[in-house]
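Content type compact mmCIF, C-alpha atoms and all ligand atoms, from the file my_file.txt:
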# COMPACT_ATOMS: atom_id res chain seq x y z
CA MET A 1 -23.24 256.96 165.25
CA LYS A 2 -23.26 259.96 167.60
CA HIS A 3 -19.86 260.12 169.26
CA ILE A 4 -16.38 259.27 167.92
CA ALA A 5 -12.79 259.70 169.13
CA VAL A 6 -9.37 260.34 167.61
CA LEU A 7 -5.86 259.44 168.76
CA THR A 8 -2.27 259.58 167.47
CA SER A 9 0.03 256.60 168.02
CA GLY A 10 3.59 255.48 167.20
CA GLY A 11 6.22 257.95 165.96
CA ASP A 12 5.04 261.53 165.50
CA ALA A 13 4.96 262.99 161.99
CA PRO A 14 4.49 266.56 160.74
CA GLY A 15 0.89 266.96 159.60
CA MET A 16 -0.65 264.87 162.38
CA ASN A 17 -2.13 268.06 163.86
CA ALA A 18 -3.68 268.98 160.54
CA ALA A 19 -5.27 265.51 160.46
CA ILE A 20 -6.60 265.88 164.03
CA ARG A 21 -8.09 269.27 163.09
CA ALA A 22 -9.76 267.79 160.02
CA VAL A 23 -11.23 264.87 161.97
CA VAL A 24 -12.56 267.13 164.74
CA ARG A 25 -14.12 269.70 162.44
CA THR A 26 -15.59 267.17 160.02
CA ALA A 27 -17.17 265.30 162.94
CA ILE A 28 -18.72 268.51 164.25
CA PHE A 29 -19.94 269.42 160.76
CA LYS A 30 -21.62 265.99 160.61
CA ASN A 31 -23.28 266.62 164.01
CA LEU A 32 -21.17 264.09 165.89
CA ARG A 33 -19.61 264.53 169.32
CA ILE A 34 -15.83 264.19 169.10
CA SER A 35 -13.40 263.26 171.87
CA ALA A 36 -9.61 263.29 171.85
CA VAL A 37 -7.58 260.48 173.42
CA TYR A 38 -4.17 261.57 174.75
CA GLN A 39 -0.98 259.52 174.39
CA GLY A 40 -2.23 256.97 171.89
CA TYR A 41 -3.52 253.65 173.20
CA GLN A 42 -2.07 254.48 176.63
CA GLY A 43 -4.76 257.16 176.93
CA LEU A 44 -7.45 254.53 176.36
CA LEU A 45 -6.05 252.46 179.23
CA ASP A 46 -5.68 255.49 181.52
CA ASP A 47 -9.00 257.06 180.54
CA ASN A 48 -7.14 260.17 179.40
CA ILE A 49 -9.91 261.51 177.18
CA GLU A 50 -11.37 264.97 176.61
CA GLU A 51 -14.32 266.10 174.51
CA PHE A 52 -13.28 268.62 171.83
CA GLY A 53 -15.08 271.51 170.15
CA PRO A 54 -14.09 273.37 166.96
CA ARG A 55 -11.88 275.82 168.91
CA SER A 56 -9.94 272.98 170.55
CA VAL A 57 -8.06 272.57 167.27
CA ALA A 58 -7.61 276.26 166.46
CA ASN A 59 -4.13 277.37 165.41
CA ILE A 60 -2.62 273.88 165.15
CA ILE A 61 -2.56 273.22 161.37
CA GLN A 62 0.93 274.75 161.07
CA LYS A 63 2.43 272.94 164.07
CA GLY A 64 4.66 269.88 164.00
CA GLY A 65 4.35 266.94 166.41
CA THR A 66 0.94 266.05 167.78
CA ILE A 67 -1.07 268.05 170.32
CA LEU A 68 -2.59 264.77 171.52
CA ARG A 69 0.91 263.45 172.23
CA THR A 70 1.81 259.91 171.30
CA ALA A 71 3.08 256.83 173.07
CA ARG A 72 4.16 253.27 172.64
CA CYS A 73 1.81 251.24 174.83
CA LYS A 74 3.00 247.75 175.85
CA ASP A 75 -0.30 246.77 177.46
CA PHE A 76 -2.15 247.19 174.20
CA TYR A 77 -0.31 244.15 172.82
CA THR A 78 -2.28 242.01 175.31
CA PRO A 79 -5.98 241.03 174.99
CA GLU A 80 -6.53 242.31 178.56
CA GLY A 81 -5.07 245.71 177.68
CA ARG A 82 -7.27 246.03 174.62
CA ALA A 83 -10.35 244.95 176.63
CA LYS A 84 -9.63 247.76 179.08
CA GLY A 85 -9.29 250.20 176.19
CA ALA A 86 -12.60 249.07 174.71
CA GLU A 87 -14.24 249.44 178.13
CA THR A 88 -13.08 253.08 178.35
CA LEU A 89 -14.58 253.83 174.94
CA THR A 90 -17.89 252.23 175.89
CA LYS A 91 -17.96 254.10 179.20
CA HIS A 92 -17.79 257.41 177.30
CA GLY A 93 -20.38 256.30 174.76
CA ILE A 94 -17.77 256.46 171.99
CA GLU A 95 -18.91 254.40 169.00
CA GLY A 96 -16.02 254.85 166.57
CA LEU A 97 -12.28 255.56 166.63
CA VAL A 98 -9.90 257.26 164.19
CA VAL A 99 -6.29 256.11 164.64
CA ILE A 100 -3.55 258.29 163.13
CA GLY A 101 -0.27 256.35 163.06
CA GLY A 102 1.81 253.71 161.35
CA ASP A 103 1.76 250.02 160.70
CA GLY A 104 1.90 248.96 164.38
CA SER A 105 -0.90 251.33 165.35
CA PHE A 106 -3.05 249.79 162.62
CA ARG A 107 -2.40 246.28 163.98
CA GLY A 108 -3.68 247.46 167.35
CA ALA A 109 -6.71 249.16 165.77
CA SER A 110 -7.53 246.05 163.77
CA LYS A 111 -7.54 243.93 166.93
CA LEU A 112 -9.82 246.40 168.68
CA TYR A 113 -12.17 246.05 165.74
CA ASP A 114 -12.01 242.22 165.60
CA GLU A 115 -12.16 241.53 169.33
CA HIS A 116 -14.57 244.25 170.51
CA ASN A 117 -16.42 245.21 167.38
CA ILE A 118 -15.35 248.83 167.71
CA PRO A 119 -15.53 250.63 164.35
CA VAL A 120 -12.05 251.92 163.54
CA VAL A 121 -10.54 253.84 160.64
CA GLY A 122 -6.79 254.44 160.19
CA ILE A 123 -4.99 257.46 158.77
CA PRO A 124 -1.36 256.83 157.68
CA GLY A 125 1.01 259.11 159.59
CA THR A 126 4.75 258.37 159.48
CA ILE A 127 7.71 260.12 157.87
CA ASP A 128 9.02 256.78 156.54
CA ASN A 129 6.32 256.42 153.84
CA ASP A 130 6.45 252.66 154.38
CA ILE A 131 2.72 251.94 154.47
CA TYR A 132 1.16 249.67 151.90
CA GLY A 133 -2.04 250.87 150.23
CA THR A 134 -1.27 254.57 150.03
CA ASP A 135 1.16 256.30 147.68
CA VAL A 136 2.22 258.66 150.42
CA THR A 137 1.92 259.02 154.18
CA ILE A 138 1.46 262.18 156.25
CA GLY A 139 4.89 263.57 157.20
CA PHE A 140 6.96 262.13 154.35
CA ASN A 141 6.97 265.29 152.25
CA THR A 142 8.02 267.53 155.15
CA ALA A 143 10.75 265.09 156.23
CA ILE A 144 12.30 264.86 152.76
CA ASN A 145 12.30 268.63 152.41
CA ILE A 146 14.10 269.02 155.76
CA ALA A 147 16.64 266.34 154.84
CA LEU A 148 17.17 267.80 151.37
CA ASP A 149 17.88 271.22 152.82
CA ALA A 150 20.58 269.58 154.98
CA VAL A 151 22.07 267.71 152.00
CA ASP A 152 22.31 270.96 150.01
CA ARG A 153 24.12 272.67 152.87
CA LEU A 154 26.47 269.73 153.38
CA ARG A 155 27.31 269.69 149.68
CA ASP A 156 28.57 273.26 149.99
CA THR A 157 31.12 272.08 152.54
CA ALA A 158 31.93 268.90 150.62
CA ALA A 159 32.63 270.97 147.49
CA SER A 160 34.65 273.64 149.32
CA HIS A 161 36.94 271.08 151.00
CA ASP A 162 37.03 268.35 148.32
CA ARG A 163 35.48 265.96 150.83
CA LEU A 164 33.20 262.97 150.90
CA ILE A 165 30.21 263.58 153.17
CA LEU A 166 27.94 260.78 154.34
CA VAL A 167 24.45 261.96 155.31
CA GLU A 168 22.42 259.54 157.40
CA VAL A 169 18.67 259.98 157.06
CA MET A 170 15.85 258.19 158.90
CA GLY A 171 14.45 254.88 157.74
CA ARG A 172 15.31 251.92 159.92
CA HIS A 173 13.46 249.49 157.69
CA ALA A 174 12.63 251.53 154.59
CA GLY A 175 14.67 253.57 152.14
CA HIS A 176 12.00 255.85 150.67
CA ILE A 177 13.36 258.96 152.43
CA ALA A 178 16.94 258.17 151.36
CA LEU A 179 15.88 257.53 147.76
CA TYR A 180 13.97 260.79 147.33
CA VAL A 181 16.54 262.89 149.16
CA GLY A 182 19.41 261.20 147.30
CA VAL A 183 17.85 261.81 143.90
CA ALA A 184 16.85 265.39 144.68
CA GLY A 185 20.25 266.14 146.24
CA GLY A 186 22.22 264.61 143.35
CA ALA A 187 23.94 262.08 145.61
CA GLU A 188 26.82 260.03 144.20
CA ALA A 189 25.37 256.97 145.97
CA ILE A 190 22.17 256.12 147.83
CA LEU A 191 22.15 253.30 150.40
CA VAL A 192 18.83 251.78 151.42
CA PRO A 193 17.82 248.78 153.57
CA GLU A 194 16.04 247.26 150.56
CA ALA A 195 19.38 246.73 148.74
CA GLU A 196 22.43 245.10 150.25
CA SER A 197 25.47 247.38 150.39
CA ASP A 198 29.05 246.40 151.06
CA ALA A 199 31.84 248.83 151.80
CA GLN A 200 33.98 247.61 148.89
CA SER A 201 31.39 248.35 146.19
CA ILE A 202 30.67 251.77 147.72
CA LEU A 203 34.39 252.44 147.73
CA ASP A 204 34.62 251.39 144.07
CA THR A 205 31.77 253.78 143.20
CA ILE A 206 33.45 256.70 144.95
CA VAL A 207 36.92 256.00 143.55
CA ALA A 208 35.47 255.69 140.04
CA ALA A 209 33.67 259.03 140.48
CA LYS A 210 36.94 260.63 141.59
CA GLU A 211 38.69 259.23 138.52
CA ARG A 212 35.98 260.77 136.33
CA GLY A 213 36.93 264.14 137.75
CA LYS A 214 34.60 264.59 140.71
CA LEU A 215 36.31 266.64 143.38
CA SER A 216 33.82 265.87 146.14
CA SER A 217 30.95 263.47 146.82
CA VAL A 218 27.82 263.07 148.91
CA ILE A 219 26.36 259.70 149.89
CA VAL A 220 22.87 259.47 151.39
CA VAL A 221 22.57 256.54 153.81
CA ALA A 222 19.27 255.33 155.29
CA GLU A 223 19.82 254.50 158.98
CA GLY A 224 18.99 250.83 158.40
CA ALA A 225 21.10 250.42 155.24
CA PHE A 226 24.49 249.63 156.67
CA PRO A 227 25.36 247.67 159.84
CA GLY A 228 26.42 250.25 162.44
CA GLY A 229 25.07 253.12 160.31
CA ALA A 230 26.93 255.86 158.45
CA LEU A 231 29.65 256.22 161.10
CA ALA A 232 30.63 252.56 160.71
CA LEU A 233 30.73 253.05 156.94
CA GLN A 234 32.93 256.14 157.36
CA LYS A 235 35.49 254.04 159.25
CA GLN A 236 35.63 251.52 156.43
CA LEU A 237 35.90 254.12 153.67
CA GLU A 238 38.16 256.85 154.97
CA GLU A 239 41.53 255.23 154.66
CA LYS A 240 41.07 254.05 151.12
CA CYS A 241 38.82 256.47 149.28
CA GLY A 242 41.25 259.34 148.81
CA TYR A 243 38.94 261.93 150.37
CA GLU A 244 38.65 263.37 153.83
CA VAL A 245 35.34 261.93 155.06
CA ARG A 246 32.73 263.50 157.35
CA THR A 247 29.42 262.09 158.53
CA SER A 248 26.26 263.97 159.45
CA ILE A 249 23.40 262.13 161.16
CA LEU A 250 20.18 264.08 160.72
CA GLY A 251 18.13 262.00 163.19
CA HIS A 252 14.93 263.22 164.77
CA MET A 253 15.19 266.75 163.38
CA GLN A 254 13.59 265.22 160.26
CA ARG A 255 10.46 264.43 162.27
CA GLY A 256 9.75 267.85 163.77
CA GLY A 257 8.83 271.28 162.48
CA SER A 258 6.04 272.88 160.54
CA PRO A 259 4.38 270.57 157.99
CA SER A 260 4.71 271.36 154.27
CA THR A 261 1.75 272.47 152.16
CA ARG A 262 1.47 268.96 150.72
CA ASP A 263 1.33 267.32 154.14
CA ARG A 264 -1.27 269.77 155.43
CA VAL A 265 -3.48 269.22 152.38
CA LEU A 266 -3.06 265.42 152.51
CA ALA A 267 -3.85 265.39 156.24
CA SER A 268 -6.93 267.58 155.74
CA ARG A 269 -8.18 265.34 152.95
CA LEU A 270 -7.61 262.09 154.85
CA GLY A 271 -9.06 263.43 158.13
CA TYR A 272 -12.25 264.36 156.29
CA GLU A 273 -12.40 260.99 154.51
CA ALA A 274 -11.82 259.04 157.73
CA VAL A 275 -14.87 260.55 159.42
CA LYS A 276 -17.00 260.05 156.30
CA SER A 277 -15.87 256.42 156.22
CA LEU A 278 -16.83 255.84 159.87
CA ILE A 279 -20.26 257.42 159.39
CA SER A 280 -21.01 255.42 156.25
CA GLY A 281 -20.20 252.11 157.98
CA ARG A 282 -16.92 251.40 156.16
CA HIS A 283 -14.86 250.26 159.13
CA GLY A 284 -11.66 248.30 159.65
CA VAL A 285 -10.00 250.27 156.86
CA MET A 286 -7.24 252.80 156.31
CA VAL A 287 -7.92 255.85 154.19
CA GLY A 288 -5.08 256.60 151.79
CA ILE A 289 -4.33 258.22 148.49
CA ASP A 290 -3.28 256.93 145.06
CA LYS A 291 -3.76 257.77 141.39
CA ARG A 292 -7.52 257.30 141.78
CA GLY A 293 -7.76 259.87 144.59
CA THR A 294 -8.67 258.90 148.15
CA VAL A 295 -8.98 255.15 148.68
CA ARG A 296 -10.03 252.76 151.47
CA VAL A 297 -7.92 249.69 152.11
CA PRO A 298 -8.74 246.96 154.69
CA LEU A 299 -6.34 247.33 157.64
CA LYS A 300 -5.26 243.69 157.36
CA GLU A 301 -4.18 244.24 153.75
CA VAL A 302 -2.27 247.31 154.89
CA PHE A 303 -0.14 245.67 157.53
CA GLU A 304 0.27 242.38 155.68
CA GLY A 305 1.31 244.16 152.47
CA GLN A 306 4.73 245.50 151.60
CA LYS A 307 5.05 248.98 150.11
CA GLU A 308 6.85 248.66 146.81
CA PHE A 309 10.27 250.26 146.58
CA ASP A 310 10.80 252.42 143.50
CA TRP A 311 13.60 250.40 141.88
CA GLU A 312 13.33 252.32 138.63
CA LEU A 313 14.08 255.59 140.40
CA TYR A 314 16.90 253.86 142.32
CA GLU A 315 18.52 252.71 139.05
CA THR A 316 17.93 256.11 137.42
CA ALA A 317 19.79 257.76 140.30
CA LYS A 318 22.88 255.67 139.50
CA ILE A 319 22.82 256.79 135.85
CA LEU A 320 22.41 260.43 136.81
CA ALA A 321 25.34 260.28 139.23
CA VAL A 322 27.95 259.91 136.47
P1 LIG A 401 3.79 252.73 164.37
O1 LIG A 401 2.32 252.85 164.48
O2 LIG A 401 4.44 254.05 164.01
O3 LIG A 401 4.22 251.59 163.47
P2 LIG A 401 4.50 251.12 166.73
O4 LIG A 401 4.86 249.91 165.96
O5 LIG A 401 5.39 251.54 167.84
O6 LIG A 401 4.38 252.45 165.83
O7 LIG A 401 3.03 250.89 167.31
C1 LIG A 401 2.39 251.88 168.09
C2 LIG A 401 1.57 251.21 169.16
O8 LIG A 401 0.53 250.42 168.55
C3 LIG A 401 2.31 250.21 170.05
O9 LIG A 401 3.01 250.83 171.11
C4 LIG A 401 1.16 249.36 170.58
O10 LIG A 401 0.48 250.02 171.61
C5 LIG A 401 0.25 249.27 169.34
N1 LIG A 401 0.56 248.04 168.59
C6 LIG A 401 1.56 247.84 167.70
N2 LIG A 401 1.56 246.59 167.22
C7 LIG A 401 0.53 245.95 167.84
C8 LIG A 401 0.01 244.61 167.80
N3 LIG A 401 0.56 243.67 167.03
N4 LIG A 401 -1.05 244.33 168.57
C9 LIG A 401 -1.61 245.26 169.36
N5 LIG A 401 -1.17 246.53 169.45
C10 LIG A 401 -0.12 246.89 168.70
O1 LIG A 402 9.11 257.71 162.41
C1 LIG A 402 9.75 256.57 161.88
C2 LIG A 402 11.14 256.52 162.38
O2 LIG A 402 11.61 257.77 162.10
C3 LIG A 402 12.13 255.50 161.83
O3 LIG A 402 12.71 255.84 160.61
C4 LIG A 402 13.12 255.41 162.95
O4 LIG A 402 13.86 254.25 162.91
C5 LIG A 402 12.24 255.46 164.15
O5 LIG A 402 11.14 256.28 163.77
C6 LIG A 402 12.86 255.96 165.39
O6 LIG A 402 11.85 256.35 166.29
P1 LIG A 402 12.02 256.48 167.84
O7 LIG A 402 13.31 257.16 168.09
O8 LIG A 402 10.83 257.29 168.26
O9 LIG A 402 11.99 255.10 168.39

Kindly present the structure from the file in structure tokens form.
Ligand code: ADP
Ligand code: F6P
Amino acid sequence: MKHIAVLTSGGDAPGMNAAIRAVVRTAIFKNLRISAVYQGYQGLLDDNIEEFGPRSVANIIQKGGTILRTARCKDFYTPEGRAKGAETLTKHGIEGLVVIGGDGSFRGASKLYDEHNIPVVGIPGTIDNDIYGTDVTIGFNTAINIALDAVDRLRDTAASHDRLILVEVMGRHAGHIALYVGVAGGAEAILVPEAESDAQSILDTIVAAKERGKLSSVIVVAEGAFPGGALALQKQLEEKCGYEVRTSILGHMQRGGSPSTRDRVLASRLGYEAVKSLISGRHGVMVGIDKRGTVRVPLKEVFEGQKEFDWELYETAKILAV
């Protein structure tokens, strides 16, 4: 293998740049040529590719987002689109591809591997931490720290005004962000898509907390936990809960900004491992991390598997909220 490429796909996550840097510099260290594909799979279809050197990734480790930009590419869902992408790679003499992204990006990569025999390796990059086969994804740690900072600030206002504040965090299909931020922020309740929530039981929880002497409360709500989101929940709670209620939706601000130390180190480790995996012929896998250290998991297992939700921590949070 003499020439490989790297791209970022799906939602951006802080630490993606650190992963790009690690892939580029490891490839150069291993005497490979390395090209960057812009705008995810769209760049493969548009032939938007540039060869990188070590200086191309200077001064990016501390930056959020992705210098390669990212995209959602409809054409890549079709066999024709993927054939065009494979053709572009072949035209440039690129013999392997590192894909930094989430579940969907790995499905695309896996098809490229199956249909066109292009060696691919995935690196998990998403703030949601919803990828099977790795304990943690690039971006999760930064996102929870940003959201926690917001929860702490909002609690100041909740406490000063004797209010109930609902904080909506990201996680359309997964509650890992809400769980961590809720536990770390001492939330009175944590709502996640993995557990059904109805307004009445949330109301009961808040009223019971008030009766135990709590003067204010904070509820952390994952965006996919309640139909209509935190604002819809506010409407159902405010008349009956005995507090003034306010809602804060943190949204995409959780996805931007400088990556944390943990995310930069994880990204550096996984970028290095991804290139080593390509060179050693271990393709069609994602590189991740668990108690054993860095691991390789077949892409199919990754997107067919379901990341386990930490129910023990979820139940612990309820006990600690008394
Ligand atoms: P993420 O990687 O963060 O889960 P998406 O689900 O939006 O983000 O996927 C990113 C891109 O990966 C899509 O826009 C598409 O180009 C490609 N992709 C996703 N799912 C598939 C699939 N089943 N087959 C082929 N390509 C896919
Ligand atoms: O990055 C993952 C995620 O943050 C989800 O939690 C959220 O639902 C989704 O991305 C929104 O992404 P976009 O606005 O880019 O479609």

Worksheet, complete the sentence: Judged by only C-alpha atoms, the minimum distance to A:Arg262 among A:Tyr180, A:Phe309, A:Phe140, A:Tyr243 is found for A:Phe140

Give the centre and edge lengths of an axis-aligned box, in Å to one decimal, that holds all listed atoms of ligand LIG 401 (chain A) with 6 Å on each side, as AutoDock Vina command-line options.
--center_x 1.9 --center_y 248.9 --center_z 167.5 --size_x 19.0 --size_y 22.4 --size_z 20.1

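Shell of stretch 75-86 of chain A at 10 Å, with all atoms listed in the file counted and residues fewer than 3 places along the chain excluded, is Tyr41, Gln42, Gly43, Leu44, Leu45, Asp46, Asp47, Arg72, Leu89, Thr90, Lys91, Ile94, Gly104, Ser105, Arg107, Gly108, Ala109, Lys111, Leu112, Tyr113, Glu115, His116, Asn117 and Ile118 of chain A.
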
Could you give me, as a Markdown table, every stretch 119-148 of chain A residue with an atom at most 12 Å from stretch 245-259 of chain A, plus its closest atom pair and distance in Å to one decimal, counting all atoms listed in the file, rows ordered by chain then number?
| residue | atom | partner | partner_atom | distance |
| --- | --- | --- | --- | --- |
| A:Gly125 | CA | A:Arg255 | CA | 11.2 |
| A:Thr126 | CA | A:Arg255 | CA | 8.8 |
| A:Ile127 | CA | A:Arg255 | CA | 6.7 |
| A:Asp128 | CA | A:Arg255 | CA | 9.7 |
| A:Ile138 | CA | A:Pro259 | CA | 9.1 |
| A:Gly139 | CA | A:Pro259 | CA | 7.1 |
| A:Phe140 | CA | A:Arg255 | CA | 9.0 |
| A:Asn141 | CA | A:Pro259 | CA | 8.2 |
| A:Thr142 | CA | A:Pro259 | CA | 5.5 |
| A:Ala143 | CA | A:Gln254 | CA | 4.9 |
| A:Ile144 | CA | A:Gln254 | CA | 7.6 |
| A:Asn145 | CA | A:Gln254 | CA | 8.7 |
| A:Ile146 | CA | A:Gln254 | CA | 5.9 |
| A:Ala147 | CA | A:Gln254 | CA | 6.3 |
| A:Leu148 | CA | A:Gln254 | CA | 9.9 |

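Picture a line from atom CA of A:Gly96 to atom CA of A:Ser277; it runs 10.5 Å.
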
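When only C-alpha atoms and all ligand atoms are used to compute distances to ligand LIG 401 (chain A), the closest of the residues A:Leu203, A:Val265, A:Leu191, A:Ala13 turns out to be A:Ala13.
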
Fill in: Long-range neighbours of A:Gly182 as a ChimeraX atom specification, 10 Å cut-off, only C-alpha atoms, 5 positions minimum in chain
/A:144,147-148,151,167,169,176-177,187-191,218-222,314,317

Discussion item. Need to verify the contact set: A:Leu7, 7 Å, only C-alpha atoms, exclusion of same-chain residues closer than 5 positions in sequence. Can you return it as a PyMOL selection string?
Written reply: chain A and resi 36-38+40+68+98-100

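Closest approach to ligand LIG 402 (chain A) from the set A:Val285, A:Cys241, A:Ala159, A:Ala178 is made by A:Ala178, with distances taken over only C-alpha atoms and all ligand atoms.
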
Worksheet item: Can you tell me, as an MDAnalysis selection string, what residues are no more than 10 Å from A:Ala232 when counting all atoms listed in the file, ignoring any on the same chain fewer than 5 positions away?
Response: chainID A and resid 199 226:227 237 247

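Distances here use only C-alpha atoms; by that measure, the residue among A:Val302, A:Ile28, A:Ser110, A:Val322 closest to A:Gly213 is A:Val322.
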
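Minimum atom-to-atom distance to ligand LIG 402 (chain A), evaluated using only C-alpha atoms and all ligand atoms, belongs to A:Arg172 out of A:Arg172, A:Leu32, A:Ala19, A:Arg163.
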
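Restricting the calculation to all atoms listed in the file, the smallest distance between A:Gly10 and any of A:Arg282, A:Arg153, A:Arg69, A:His161 is found for A:Arg69.
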
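The interatomic distance for the pair atom CA of A:Glu194 and atom CA of A:His173 works out to 7.9 Å.
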
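Separating atom CA of A:Thr66 from atom CA of A:Phe52 is a distance of 15.0 Å.
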
Item to complete: For A:Lys276, work out the shell of residues within 12 Å, counting only C-alpha atoms and skipping chain neighbours fewer than 3 positions away, then give it as a ChimeraX atom specification.
Response: /A:1,4,22-32,96,98,120-121,269-273,279-283,287,294,296
